[in-house]
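What follows is model.pdb (PDB, C-alpha atoms).
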```
ATOM      1  CA  MET A 996      39.179 -53.006 -60.081
ATOM      2  CA  ARG A 997      37.642 -52.283 -56.687
ATOM      3  CA  PHE A 998      39.044 -51.057 -53.391
ATOM      4  CA  GLU A 999      37.676 -52.917 -50.371
ATOM      5  CA  GLY A1000      40.128 -51.782 -47.718
ATOM      6  CA  THR A1001      43.204 -53.552 -46.390
ATOM      7  CA  ALA A1002      44.203 -55.299 -43.188
ATOM      8  CA  ALA A1003      46.331 -52.293 -42.217
ATOM      9  CA  TYR A1004      43.747 -49.586 -43.002
ATOM     10  CA  VAL A1005      40.277 -49.267 -41.488
ATOM     11  CA  ALA A1006      38.036 -47.747 -44.186
ATOM     12  CA  ASP A1007      34.319 -47.217 -43.722
ATOM     13  CA  LYS A1008      31.745 -47.991 -46.405
ATOM     14  CA  ASP A1009      31.359 -44.386 -47.557
ATOM     15  CA  LEU A1010      35.082 -44.020 -48.149
ATOM     16  CA  MET A1011      35.276 -47.227 -50.171
ATOM     17  CA  VAL A1012      32.287 -46.096 -52.257
ATOM     18  CA  ALA A1013      34.006 -42.752 -52.945
ATOM     19  CA  VAL A1014      37.252 -44.417 -54.015
ATOM     20  CA  ASN A1015      35.524 -46.902 -56.301
ATOM     21  CA  ALA A1016      33.314 -44.194 -57.814
ATOM     22  CA  ALA A1017      36.362 -42.046 -58.607
ATOM     23  CA  ILE A1018      38.062 -45.052 -60.223
ATOM     24  CA  ALA A1019      34.990 -45.909 -62.299
ATOM     25  CA  LEU A1020      34.406 -42.291 -63.397
ATOM     26  CA  GLU A1021      38.142 -41.706 -63.977
ATOM     27  CA  ARG A1022      38.011 -38.454 -62.055
ATOM     28  CA  PRO A1023      40.427 -37.188 -59.384
ATOM     29  CA  LEU A1024      39.359 -37.984 -55.825
ATOM     30  CA  LEU A1025      39.640 -34.964 -53.515
ATOM     31  CA  VAL A1026      39.870 -36.104 -49.895
ATOM     32  CA  LYS A1027      39.512 -33.576 -47.087
ATOM     33  CA  GLY A1028      39.609 -34.042 -43.327
ATOM     34  CA  GLU A1029      41.423 -33.157 -40.144
ATOM     35  CA  PRO A1030      45.168 -33.850 -39.953
ATOM     36  CA  GLY A1031      45.825 -37.421 -38.890
ATOM     37  CA  THR A1032      42.640 -38.970 -40.316
ATOM     38  CA  GLY A1033      44.493 -41.103 -42.881
ATOM     39  CA  LYS A1034      44.177 -39.096 -46.092
ATOM     40  CA  THR A1035      47.745 -39.608 -47.302
ATOM     41  CA  GLU A1036      47.780 -43.221 -46.151
ATOM     42  CA  LEU A1037      44.622 -43.841 -48.184
ATOM     43  CA  ALA A1038      46.518 -43.427 -51.462
ATOM     44  CA  ARG A1039      49.219 -45.828 -50.307
ATOM     45  CA  GLN A1040      46.666 -48.424 -49.254
ATOM     46  CA  VAL A1041      44.723 -48.075 -52.520
ATOM     47  CA  ALA A1042      47.925 -48.681 -54.472
ATOM     48  CA  ALA A1043      48.821 -51.673 -52.295
ATOM     49  CA  ALA A1044      45.322 -53.190 -52.466
ATOM     50  CA  LEU A1045      45.108 -52.857 -56.256
ATOM     51  CA  GLY A1046      48.718 -53.854 -56.885
ATOM     52  CA  LEU A1047      49.587 -50.543 -58.574
ATOM     53  CA  GLU A1048      52.645 -48.305 -58.494
ATOM     54  CA  LEU A1049      52.335 -45.223 -56.306
ATOM     55  CA  ILE A1050      53.719 -41.849 -57.414
ATOM     56  CA  GLU A1051      53.720 -39.257 -54.623
ATOM     57  CA  TRP A1052      53.841 -35.483 -55.090
ATOM     58  CA  HIS A1053      54.047 -33.694 -51.745
ATOM     59  CA  VAL A1054      53.026 -30.061 -52.107
ATOM     60  CA  LYS A1055      54.622 -27.272 -50.047
ATOM     61  CA  SER A1056      53.997 -23.554 -49.766
ATOM     62  CA  THR A1057      56.700 -22.888 -52.375
ATOM     63  CA  THR A1058      55.600 -25.582 -54.831
ATOM     64  CA  ARG A1059      54.558 -24.428 -58.300
ATOM     65  CA  ALA A1060      52.230 -26.342 -60.600
ATOM     66  CA  GLN A1061      54.837 -26.312 -63.361
ATOM     67  CA  GLN A1062      57.109 -28.446 -61.170
ATOM     68  CA  GLY A1063      54.586 -31.255 -61.386
ATOM     69  CA  LEU A1064      54.815 -31.193 -65.185
ATOM     70  CA  TYR A1065      58.487 -30.481 -65.914
ATOM     71  CA  GLU A1066      61.282 -27.994 -65.295
ATOM     72  CA  TYR A1067      63.707 -26.624 -67.877
ATOM     73  CA  ASP A1068      67.229 -25.939 -66.573
ATOM     74  CA  ALA A1069      68.336 -23.079 -68.831
ATOM     75  CA  VAL A1070      71.235 -22.131 -66.545
ATOM     76  CA  SER A1071      72.871 -25.558 -66.853
ATOM     77  CA  ARG A1072      72.464 -25.485 -70.617
ATOM     78  CA  LEU A1073      74.088 -22.060 -70.834
ATOM     79  CA  ARG A1074      77.002 -23.270 -68.721
ATOM     80  CA  ASP A1075      77.488 -26.383 -70.846
ATOM     81  CA  SER A1076      77.407 -24.299 -74.016
ATOM     82  CA  GLN A1077      80.225 -22.148 -72.666
ATOM     83  CA  LEU A1078      82.247 -25.228 -71.689
ATOM     84  CA  GLY A1079      81.703 -26.947 -75.029
ATOM     85  CA  ASP A1080      79.777 -29.894 -73.559
ATOM     86  CA  GLU A1081      78.098 -32.015 -76.255
ATOM     87  CA  ARG A1082      74.981 -32.387 -74.092
ATOM     88  CA  PHE A1083      74.159 -28.796 -75.047
ATOM     89  CA  ASN A1084      72.977 -29.914 -78.502
ATOM     90  CA  ASP A1085      69.975 -31.850 -77.136
ATOM     91  CA  ILE A1086      67.575 -29.705 -75.100
ATOM     92  CA  ARG A1087      65.986 -32.826 -73.616
ATOM     93  CA  ASN A1088      69.062 -33.242 -71.439
ATOM     94  CA  TYR A1089      67.955 -30.173 -69.491
ATOM     95  CA  ILE A1090      64.315 -31.046 -68.956
ATOM     96  CA  LYS A1091      63.485 -32.619 -65.599
ATOM     97  CA  ARG A1092      60.291 -34.606 -65.585
ATOM     98  CA  GLY A1093      57.732 -33.942 -62.855
ATOM     99  CA  LYS A1094      55.406 -36.311 -61.047
ATOM    100  CA  LEU A1095      52.517 -35.769 -63.458
ATOM    101  CA  TRP A1096      54.806 -36.511 -66.403
ATOM    102  CA  ASP A1097      55.924 -39.736 -64.686
ATOM    103  CA  ALA A1098      52.295 -40.764 -64.124
ATOM    104  CA  PHE A1099      51.213 -39.915 -67.681
ATOM    105  CA  ALA A1100      54.185 -41.683 -69.271
ATOM    106  CA  ALA A1101      53.989 -44.814 -67.105
ATOM    107  CA  GLY A1102      52.133 -46.725 -69.810
ATOM    108  CA  LYS A1103      50.068 -48.524 -67.192
ATOM    109  CA  LYS A1104      47.577 -47.758 -64.452
ATOM    110  CA  VAL A1105      49.252 -46.046 -61.485
ATOM    111  CA  VAL A1106      48.098 -44.155 -58.389
ATOM    112  CA  LEU A1107      49.112 -40.493 -58.324
ATOM    113  CA  LEU A1108      49.011 -38.789 -54.919
ATOM    114  CA  ILE A1109      48.955 -34.980 -54.811
ATOM    115  CA  ASP A1110      49.368 -34.452 -51.097
ATOM    116  CA  GLU A1111      48.195 -31.340 -49.168
ATOM    117  CA  ILE A1112      47.267 -29.252 -52.186
ATOM    118  CA  ASP A1113      45.963 -26.498 -49.911
ATOM    119  CA  LYS A1114      49.522 -25.749 -48.762
ATOM    120  CA  ALA A1115      50.366 -24.136 -52.108
ATOM    121  CA  ASP A1116      49.370 -20.778 -53.542
ATOM    122  CA  ILE A1117      45.677 -20.178 -54.261
ATOM    123  CA  GLU A1118      46.322 -20.298 -58.025
ATOM    124  CA  PHE A1119      48.034 -23.694 -57.837
ATOM    125  CA  PRO A1120      44.853 -25.771 -58.413
ATOM    126  CA  ASN A1121      43.780 -23.526 -61.317
ATOM    127  CA  ASP A1122      47.110 -24.127 -63.037
ATOM    128  CA  LEU A1123      46.370 -27.863 -63.132
ATOM    129  CA  LEU A1124      42.776 -27.717 -64.399
ATOM    130  CA  GLN A1125      43.383 -28.767 -67.989
ATOM    131  CA  GLU A1126      46.186 -31.192 -67.164
ATOM    132  CA  LEU A1127      44.058 -33.177 -64.701
ATOM    133  CA  ASP A1128      40.931 -32.918 -66.832
ATOM    134  CA  ARG A1129      42.418 -33.935 -70.191
ATOM    135  CA  MET A1130      45.407 -35.852 -68.785
ATOM    136  CA  GLU A1131      47.845 -34.139 -71.130
ATOM    137  CA  PHE A1132      50.135 -31.112 -71.348
ATOM    138  CA  PHE A1133      52.391 -29.416 -73.882
ATOM    139  CA  VAL A1134      56.180 -29.120 -73.584
ATOM    140  CA  TYR A1135      57.093 -25.808 -75.210
ATOM    141  CA  GLU A1136      60.839 -26.459 -75.343
ATOM    142  CA  THR A1137      60.514 -29.644 -77.430
ATOM    143  CA  GLY A1138      57.136 -29.007 -79.081
ATOM    144  CA  GLU A1139      55.699 -32.328 -77.947
ATOM    145  CA  THR A1140      52.491 -33.204 -76.137
ATOM    146  CA  ILE A1141      52.679 -35.603 -73.214
ATOM    147  CA  ARG A1142      49.438 -37.551 -73.054
ATOM    148  CA  ALA A1143      48.447 -40.324 -70.642
ATOM    149  CA  ALA A1144      47.832 -43.576 -72.520
ATOM    150  CA  VAL A1145      46.204 -44.949 -69.364
ATOM    151  CA  ARG A1146      44.514 -42.503 -67.004
ATOM    152  CA  PRO A1147      46.045 -42.735 -63.520
ATOM    153  CA  ILE A1148      44.033 -42.936 -60.312
ATOM    154  CA  VAL A1149      44.508 -39.431 -58.900
ATOM    155  CA  ILE A1150      44.026 -38.893 -55.156
ATOM    156  CA  ILE A1151      44.326 -35.311 -53.886
ATOM    157  CA  THR A1152      44.420 -34.524 -50.170
ATOM    158  CA  SER A1153      43.648 -31.285 -48.355
ATOM    159  CA  ASP A1154      43.696 -30.288 -44.689
ATOM    160  CA  ASN A1155      41.071 -27.667 -45.527
ATOM    161  CA  GLU A1156      43.357 -24.796 -44.516
ATOM    162  CA  LYS A1157      42.117 -22.701 -47.431
ATOM    163  CA  GLU A1158      39.250 -22.845 -49.911
ATOM    164  CA  LEU A1159      39.910 -24.397 -53.305
ATOM    165  CA  PRO A1160      38.609 -22.800 -56.548
ATOM    166  CA  ASP A1161      35.141 -23.853 -57.697
ATOM    167  CA  ALA A1162      36.415 -24.733 -61.168
ATOM    168  CA  PHE A1163      38.843 -27.187 -59.605
ATOM    169  CA  LEU A1164      36.231 -28.688 -57.286
ATOM    170  CA  ARG A1165      33.865 -29.357 -60.208
ATOM    171  CA  ARG A1166      36.477 -31.597 -61.795
ATOM    172  CA  CYS A1167      36.936 -33.763 -58.692
ATOM    173  CA  PHE A1168      34.978 -36.427 -56.875
ATOM    174  CA  PHE A1169      34.831 -35.223 -53.276
ATOM    175  CA  HIS A1170      34.869 -37.077 -49.965
ATOM    176  CA  TYR A1171      35.317 -35.779 -46.414
ATOM    177  CA  ILE A1172      36.875 -38.180 -43.899
ATOM    178  CA  ARG A1173      35.176 -37.540 -40.583
ATOM    179  CA  PHE A1174      37.184 -37.910 -37.415
ATOM    180  CA  PRO A1175      36.561 -41.499 -36.228
ATOM    181  CA  ASP A1176      34.198 -42.210 -33.361
ATOM    182  CA  VAL A1177      35.260 -44.218 -30.319
ATOM    183  CA  GLU A1178      34.462 -47.631 -31.821
ATOM    184  CA  THR A1179      36.273 -46.892 -35.096
ATOM    185  CA  LEU A1180      39.325 -45.475 -33.352
ATOM    186  CA  HIS A1181      39.379 -48.559 -31.106
ATOM    187  CA  ARG A1182      39.524 -50.724 -34.247
ATOM    188  CA  ILE A1183      42.366 -48.597 -35.614
ATOM    189  CA  VAL A1184      44.351 -49.010 -32.401
ATOM    190  CA  ASP A1185      43.762 -52.771 -32.489
ATOM    191  CA  VAL A1186      45.123 -52.928 -36.055
ATOM    192  CA  HIS A1187      48.394 -51.224 -35.147
ATOM    193  CA  TYR A1188      48.752 -52.485 -31.557
ATOM    194  CA  PRO A1189      47.053 -55.908 -31.410
ATOM    195  CA  ASP A1190      48.686 -56.901 -28.097
ATOM    196  CA  ILE A1191      47.793 -53.795 -26.106
ATOM    197  CA  LYS A1192      45.612 -54.201 -23.017
ATOM    198  CA  GLN A1193      41.982 -53.449 -23.812
ATOM    199  CA  ASN A1194      41.208 -51.776 -20.480
ATOM    200  CA  LEU A1195      44.096 -49.369 -21.107
ATOM    201  CA  VAL A1196      42.780 -48.572 -24.596
ATOM    202  CA  ARG A1197      39.271 -47.910 -23.318
ATOM    203  CA  ALA A1198      40.537 -45.634 -20.540
ATOM    204  CA  ALA A1199      42.846 -43.758 -22.916
ATOM    205  CA  LEU A1200      40.130 -43.265 -25.536
ATOM    206  CA  THR A1201      37.669 -42.024 -22.918
ATOM    207  CA  GLN A1202      40.123 -39.390 -21.721
ATOM    208  CA  PHE A1203      41.153 -38.595 -25.298
ATOM    209  CA  TYR A1204      37.610 -37.734 -26.401
ATOM    210  CA  GLU A1205      36.855 -35.845 -23.191
ATOM    211  CA  ILE A1206      39.841 -33.559 -23.795
ATOM    212  CA  ARG A1207      39.002 -33.276 -27.492
ATOM    213  CA  ASP A1208      35.510 -32.026 -26.604
ATOM    214  CA  VAL A1209      36.753 -29.311 -24.222
ATOM    215  CA  PRO A1210      35.055 -26.024 -25.253
ATOM    216  CA  GLY A1211      37.404 -23.432 -26.706
ATOM    217  CA  LEU A1212      40.106 -25.936 -27.617
ATOM    218  CA  LYS A1213      42.169 -24.257 -30.329
ATOM    219  CA  LYS A1214      44.091 -27.298 -31.526
ATOM    220  CA  LYS A1215      42.006 -30.460 -31.707
ATOM    221  CA  LEU A1216      43.643 -33.684 -30.579
ATOM    222  CA  ARG A1217      44.491 -36.009 -33.431
ATOM    223  CA  GLY A1218      44.554 -39.757 -33.634
ATOM    224  CA  ALA A1219      48.256 -39.661 -34.501
ATOM    225  CA  ARG A1220      48.944 -38.417 -30.969
ATOM    226  CA  LEU A1221      48.009 -41.874 -29.666
ATOM    227  CA  ASP A1222      51.281 -43.225 -31.074
ATOM    228  CA  PRO A1223      53.971 -42.821 -28.360
ATOM    229  CA  ALA A1224      56.802 -43.698 -30.749
ATOM    230  CA  ALA A1225      55.756 -40.944 -33.137
ATOM    231  CA  GLY A1226      55.600 -38.518 -30.235
ATOM    232  CA  ARG A1227      59.132 -39.360 -29.136
ATOM    233  CA  ARG A1228      60.456 -38.961 -32.680
ATOM    234  CA  ARG A1229      58.729 -35.583 -33.009
ATOM    235  CA  HIS A1230      60.177 -34.344 -29.705
ATOM    236  CA  ARG A1231      63.707 -35.493 -30.572
ATOM    237  CA  ALA A1232      63.520 -33.757 -33.969
ATOM    238  CA  ARG A1233      62.351 -30.518 -32.401
ATOM    239  CA  GLY A1234      64.917 -30.644 -29.604
ATOM    240  CA  SER A1235      67.857 -31.221 -31.971
ATOM    241  CA  ALA A1236      67.106 -27.982 -33.814
ATOM    242  CA  ARG A1237      67.196 -25.777 -30.694
ATOM    243  CA  ARG A1238      70.079 -23.951 -29.069
ATOM    244  CA  PRO A1239      71.722 -25.704 -26.069
ATOM    245  CA  LYS A1240      70.557 -23.142 -23.474
ATOM    246  CA  GLU A1241      67.014 -23.212 -24.807
ATOM    247  CA  ARG A1242      66.972 -27.013 -24.785
ATOM    248  CA  ALA A1243      68.210 -27.065 -21.175
ATOM    249  CA  ALA A1244      65.464 -24.666 -20.023
ATOM    250  CA  GLN A1245      62.803 -26.660 -21.842
ATOM    251  CA  ALA A1246      64.133 -29.947 -20.436
ATOM    252  CA  ALA A1247      63.835 -28.575 -16.889
ATOM    253  CA  TRP A1248      60.256 -27.458 -17.536
ATOM    254  CA  CYS A1249      59.487 -30.786 -19.202
ATOM    255  CA  SER A1250      60.716 -32.708 -16.138
ATOM    256  CA  ALA A1251      58.445 -30.721 -13.820
ATOM    257  CA  GLU A1252      55.519 -31.194 -16.186
ATOM    258  CA  GLU A1253      56.216 -34.923 -16.407
ATOM    259  CA  ARG A1254      56.118 -35.268 -12.611
ATOM    260  CA  THR A1255      52.747 -33.522 -12.587
ATOM    261  CA  ARG A1256      51.462 -35.838 -15.298
ATOM    262  CA  ARG A1257      52.626 -38.985 -13.552
ATOM    263  CA  ALA A1258      50.838 -37.919 -10.391
ATOM    264  CA  SER A1259      47.665 -37.425 -12.452
ATOM    265  CA  PHE A1260      48.039 -40.884 -13.977
ATOM    266  CA  ARG A1261      48.424 -42.540 -10.586
ATOM    267  CA  ALA A1262      45.345 -40.727  -9.316
ATOM    268  CA  ALA A1263      43.403 -41.966 -12.368
ATOM    269  CA  GLY A1264      44.665 -45.523 -11.913
ATOM    270  CA  LEU A1265      46.547 -45.475 -15.245
ATOM    271  CA  HIS A1266      50.117 -46.682 -15.724
ATOM    272  CA  GLY A1267      52.598 -46.957 -18.539
ATOM    273  CA  GLU A1268      54.003 -44.733 -21.247
ATOM    274  CA  THR A1269      51.186 -45.459 -23.658
ATOM    275  CA  ALA A1270      48.658 -44.200 -21.125
ATOM    276  CA  ALA A1271      50.700 -41.054 -20.572
ATOM    277  CA  VAL A1272      50.846 -40.152 -24.245
ATOM    278  CA  ALA A1273      47.290 -41.211 -25.045
ATOM    279  CA  VAL A1274      45.473 -39.637 -22.102
ATOM    280  CA  PHE A1275      47.151 -36.203 -22.105
ATOM    281  CA  PRO A1276      48.490 -35.697 -25.631
ATOM    282  CA  ALA A1277      47.444 -32.057 -25.976
ATOM    283  CA  VAL A1278      50.270 -30.308 -24.105
ATOM    284  CA  ASP A1279      53.491 -30.646 -26.108
ATOM    285  CA  CYS A1280      55.984 -30.644 -23.237
ATOM    286  CA  CYS A1281      59.033 -30.137 -25.448
ATOM    287  CA  GLU A1282      57.522 -27.208 -27.306
ATOM    288  CA  HIS A1283      56.626 -24.631 -24.650
ATOM    289  CA  PRO A1284      59.243 -23.243 -22.237
ATOM    290  CA  ASN A1285      56.624 -22.304 -19.633
ATOM    291  CA  ARG A1286      53.299 -23.600 -18.467
ATOM    292  CA  GLU A1287      51.437 -20.357 -19.277
ATOM    293  CA  ALA A1288      52.476 -20.452 -22.928
ATOM    294  CA  ALA A1289      51.398 -24.087 -23.212
ATOM    295  CA  SER A1290      48.018 -23.328 -21.658
ATOM    296  CA  THR A1291      47.476 -20.347 -23.943
ATOM    297  CA  ARG A1292      48.295 -22.212 -27.146
ATOM    298  CA  THR A1293      46.519 -25.447 -26.321
ATOM    299  CA  PHE A1294      43.388 -24.392 -24.505
ATOM    300  CA  GLY A1295      42.891 -20.876 -25.807
ATOM    301  CA  GLY A1296      43.683 -19.071 -22.555
ATOM    302  CA  LYS A1297      44.194 -15.341 -22.447
TER     303      LYS A1297
END
```
Could you write out this file's structure as structure tokens?
Amino acid sequence: MRFEGTAAYVADKDLMVAVNAAIALERPLLVKGEPGTGKTELARQVAAALGLELIEWHVKSTTRAQQGLYEYDAVSRLRDSQLGDERFNDIRNYIKRGKLWDAFAAGKKVVLLIDEIDKADIEFPNDLLQELDRMEFFVYETGETIRAAVRPIVIITSDNEKELPDAFLRRCFFHYIRFPDVETLHRIVDVHYPDIKQNLVRAALTQFYEIRDVPGLKKKLRGARLDPAAGRRRHRARGSARRPKERAAQAAWCSAEERTRRASFRAAGLHGETAAVAVFPAVDCCEHPNREAASTRTFGGK
């Protein structure tokens, strides 16, 4: 069982070695890197390439480690006992299985993704030490031990927003996905947009990396910003959540900013929506109501 990449995912040799080593050693693979470098997609592509089921656990700031194992709904059981419901007699009716339980009880090899583990509390990784190491946990309400008959392939992602405990790191196989260079990013664009004009891609990538290398840039440009469709979806989602007056003010500012951008594109000899999103993706025109705020957030101005 070896991962050698897929047609839809450009993986370098070091990444494939890390994945295959984690599979062979049966240890969790901890993948770090900048947002947008393909950490989450890696687990999906590994599952697709190996023909395995994928179980995803997306971690948030409010996520607790216990939720990955199971949750006991004592309130529902108390209510049913008062109403005379027969389900009250079996406590298993009130235990909700978590993602780790699903992976351990699958009875076959699966891929378990624990996504963005650094979003949770600092003690979150420590609470999963024994479960990920021994691939088992104890259910106190029923007195049973859930043990994985077949160890899953565990892929854990982190945006490196906070340090993870040393005890947790020692139990993982680690790999850092570097931000792709120009040639690699060109290959990635070709995979997703095979019919795009090559001169447009080269011009966009040149501008993209020049802006990314600007000294003092607070928020690095990401490869995901090269996708105009994703940008439009993100702007629509943000705009729908704002008050009407605020949206109107931002739309007026956005129109002025767009005219400025288009003039810059014509001066650079670039045309088309893809060029607009790819060449100047840093300023989020639907996020800042004035130019000064955008400049301060994006380029670290005073």
Margin query: If the PyMOL selection byres ((chain A and resi 1174) around 7) were run on this exact file, what residues would it hold? Put them as a ChimeraX atom specification.
Written below: /A:1029,1032,1172-1173,1175-1176
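For the set A:Cys1167, A:Ile1090, A:Ile1112, A:Met996, the residue with the smallest atom-to-atom gap to A:Asp1128 is A:Cys1167, counting all atoms listed in the file.
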Please report as a Markdown table every residue of stretch 1028-1071 of chain A lying within 12 Å of stretch 1133-1142 of chain A, along with the nearest atom pair and their distance in Å (one decimal), using only C-alpha atoms.
```
| residue | atom | partner | partner_atom | distance |
| --- | --- | --- | --- | --- |
| A:Gln1061 | CA | A:Val1134 | CA | 10.7 |
| A:Leu1064 | CA | A:Val1134 | CA | 8.8 |
| A:Tyr1065 | CA | A:Val1134 | CA | 8.1 |
| A:Glu1066 | CA | A:Val1134 | CA | 9.8 |
| A:Tyr1067 | CA | A:Glu1136 | CA | 8.0 |
| A:Asp1068 | CA | A:Glu1136 | CA | 10.9 |
| A:Ala1069 | CA | A:Glu1136 | CA | 10.5 |
```
Around the point (41.7, -20.3, -53.8), in the coordinates given by the file, pick out the residues reaching within 10 Å, counting only C-alpha atoms, and return them as a short mmCIF file (atom, residue, chain, number, x, y, z; two decimals) with C-alpha atoms, in the coordinates of the input.
```cif
data_model
loop_
_atom_site.label_atom_id
_atom_site.label_comp_id
_atom_site.auth_asym_id
_atom_site.auth_seq_id
_atom_site.Cartn_x
_atom_site.Cartn_y
_atom_site.Cartn_z
CA ASP A 1113 45.96 -26.50 -49.91
CA ALA A 1115 50.37 -24.14 -52.11
CA ASP A 1116 49.37 -20.78 -53.54
CA ILE A 1117 45.68 -20.18 -54.26
CA GLU A 1118 46.32 -20.30 -58.02
CA PHE A 1119 48.03 -23.69 -57.84
CA PRO A 1120 44.85 -25.77 -58.41
CA ASN A 1121 43.78 -23.53 -61.32
CA LYS A 1157 42.12 -22.70 -47.43
CA GLU A 1158 39.25 -22.84 -49.91
CA LEU A 1159 39.91 -24.40 -53.30
CA PRO A 1160 38.61 -22.80 -56.55
CA ASP A 1161 35.14 -23.85 -57.70
CA PHE A 1163 38.84 -27.19 -59.60
#
```
Notebook entry, point to check: In terms of the shortest atom-to-atom distance over all atoms listed in the file, which of A:Leu1127, A:Ile1050, A:Ile1206, A:Leu1212 is closest to A:Leu1107?
Noted result: A:Ile1050
Generate the missing atoms of stretch 1015-1034 of chain A up to N, CA and C atoms and report them as a PDB file, keeping the file's coordinate frame.
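Okay, this is what ended up in part_1.pdb:
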```
ATOM      1  N   ASN A1015      35.934 -46.106 -55.146  1.00  0.00           N
ATOM      2  CA  ASN A1015      35.524 -46.902 -56.301  1.00  0.00           C
ATOM      3  C   ASN A1015      34.771 -46.069 -57.330  1.00  0.00           C
ATOM      4  N   ALA A1016      34.009 -45.074 -56.871  1.00  0.00           N
ATOM      5  CA  ALA A1016      33.314 -44.194 -57.814  1.00  0.00           C
ATOM      6  C   ALA A1016      34.314 -43.354 -58.600  1.00  0.00           C
ATOM      7  N   ALA A1017      35.343 -42.839 -57.916  1.00  0.00           N
ATOM      8  CA  ALA A1017      36.362 -42.046 -58.607  1.00  0.00           C
ATOM      9  C   ALA A1017      37.119 -42.900 -59.624  1.00  0.00           C
ATOM     10  N   ILE A1018      37.375 -44.159 -59.278  1.00  0.00           N
ATOM     11  CA  ILE A1018      38.062 -45.052 -60.223  1.00  0.00           C
ATOM     12  C   ILE A1018      37.185 -45.318 -61.435  1.00  0.00           C
ATOM     13  N   ALA A1019      35.906 -45.595 -61.195  1.00  0.00           N
ATOM     14  CA  ALA A1019      34.990 -45.909 -62.299  1.00  0.00           C
ATOM     15  C   ALA A1019      34.768 -44.702 -63.209  1.00  0.00           C
ATOM     16  N   LEU A1020      34.654 -43.506 -62.615  1.00  0.00           N
ATOM     17  CA  LEU A1020      34.406 -42.291 -63.397  1.00  0.00           C
ATOM     18  C   LEU A1020      35.680 -41.691 -63.967  1.00  0.00           C
ATOM     19  N   GLU A1021      36.842 -42.219 -63.540  1.00  0.00           N
ATOM     20  CA  GLU A1021      38.142 -41.706 -63.977  1.00  0.00           C
ATOM     21  C   GLU A1021      38.280 -40.212 -63.702  1.00  0.00           C
ATOM     22  N   ARG A1022      37.879 -39.833 -62.496  1.00  0.00           N
ATOM     23  CA  ARG A1022      38.011 -38.454 -62.055  1.00  0.00           C
ATOM     24  C   ARG A1022      38.904 -38.407 -60.810  1.00  0.00           C
ATOM     25  N   PRO A1023      39.608 -37.294 -60.601  1.00  0.00           N
ATOM     26  CA  PRO A1023      40.427 -37.188 -59.384  1.00  0.00           C
ATOM     27  C   PRO A1023      39.560 -37.248 -58.130  1.00  0.00           C
ATOM     28  N   LEU A1024      40.063 -37.903 -57.109  1.00  0.00           N
ATOM     29  CA  LEU A1024      39.359 -37.984 -55.825  1.00  0.00           C
ATOM     30  C   LEU A1024      39.978 -36.971 -54.877  1.00  0.00           C
ATOM     31  N   LEU A1025      39.193 -35.969 -54.478  1.00  0.00           N
ATOM     32  CA  LEU A1025      39.640 -34.964 -53.515  1.00  0.00           C
ATOM     33  C   LEU A1025      39.187 -35.399 -52.125  1.00  0.00           C
ATOM     34  N   VAL A1026      40.157 -35.635 -51.241  1.00  0.00           N
ATOM     35  CA  VAL A1026      39.870 -36.104 -49.895  1.00  0.00           C
ATOM     36  C   VAL A1026      40.251 -35.009 -48.908  1.00  0.00           C
ATOM     37  N   LYS A1027      39.268 -34.561 -48.127  1.00  0.00           N
ATOM     38  CA  LYS A1027      39.512 -33.576 -47.087  1.00  0.00           C
ATOM     39  C   LYS A1027      39.278 -34.204 -45.720  1.00  0.00           C
ATOM     40  N   GLY A1028      39.786 -33.553 -44.685  1.00  0.00           N
ATOM     41  CA  GLY A1028      39.609 -34.042 -43.327  1.00  0.00           C
ATOM     42  C   GLY A1028      40.651 -33.443 -42.406  1.00  0.00           C
ATOM     43  N   GLU A1029      40.464 -33.657 -41.117  1.00  0.00           N
ATOM     44  CA  GLU A1029      41.423 -33.157 -40.144  1.00  0.00           C
ATOM     45  C   GLU A1029      42.774 -33.843 -40.328  1.00  0.00           C
ATOM     46  N   PRO A1030      43.862 -33.176 -39.915  1.00  0.00           N
ATOM     47  CA  PRO A1030      45.168 -33.850 -39.953  1.00  0.00           C
ATOM     48  C   PRO A1030      45.153 -35.120 -39.110  1.00  0.00           C
ATOM     49  N   GLY A1031      45.743 -36.169 -39.631  1.00  0.00           N
ATOM     50  CA  GLY A1031      45.825 -37.421 -38.890  1.00  0.00           C
ATOM     51  C   GLY A1031      44.673 -38.373 -39.109  1.00  0.00           C
ATOM     52  N   THR A1032      43.777 -38.081 -40.068  1.00  0.00           N
ATOM     53  CA  THR A1032      42.640 -38.970 -40.316  1.00  0.00           C
ATOM     54  C   THR A1032      42.911 -39.999 -41.413  1.00  0.00           C
ATOM     55  N   GLY A1033      44.136 -40.039 -41.939  1.00  0.00           N
ATOM     56  CA  GLY A1033      44.493 -41.103 -42.881  1.00  0.00           C
ATOM     57  C   GLY A1033      44.318 -40.749 -44.336  1.00  0.00           C
ATOM     58  N   LYS A1034      44.378 -39.482 -44.691  1.00  0.00           N
ATOM     59  CA  LYS A1034      44.177 -39.096 -46.092  1.00  0.00           C
ATOM     60  C   LYS A1034      45.351 -39.533 -46.969  1.00  0.00           C
TER      61      LYS A1034
END
```
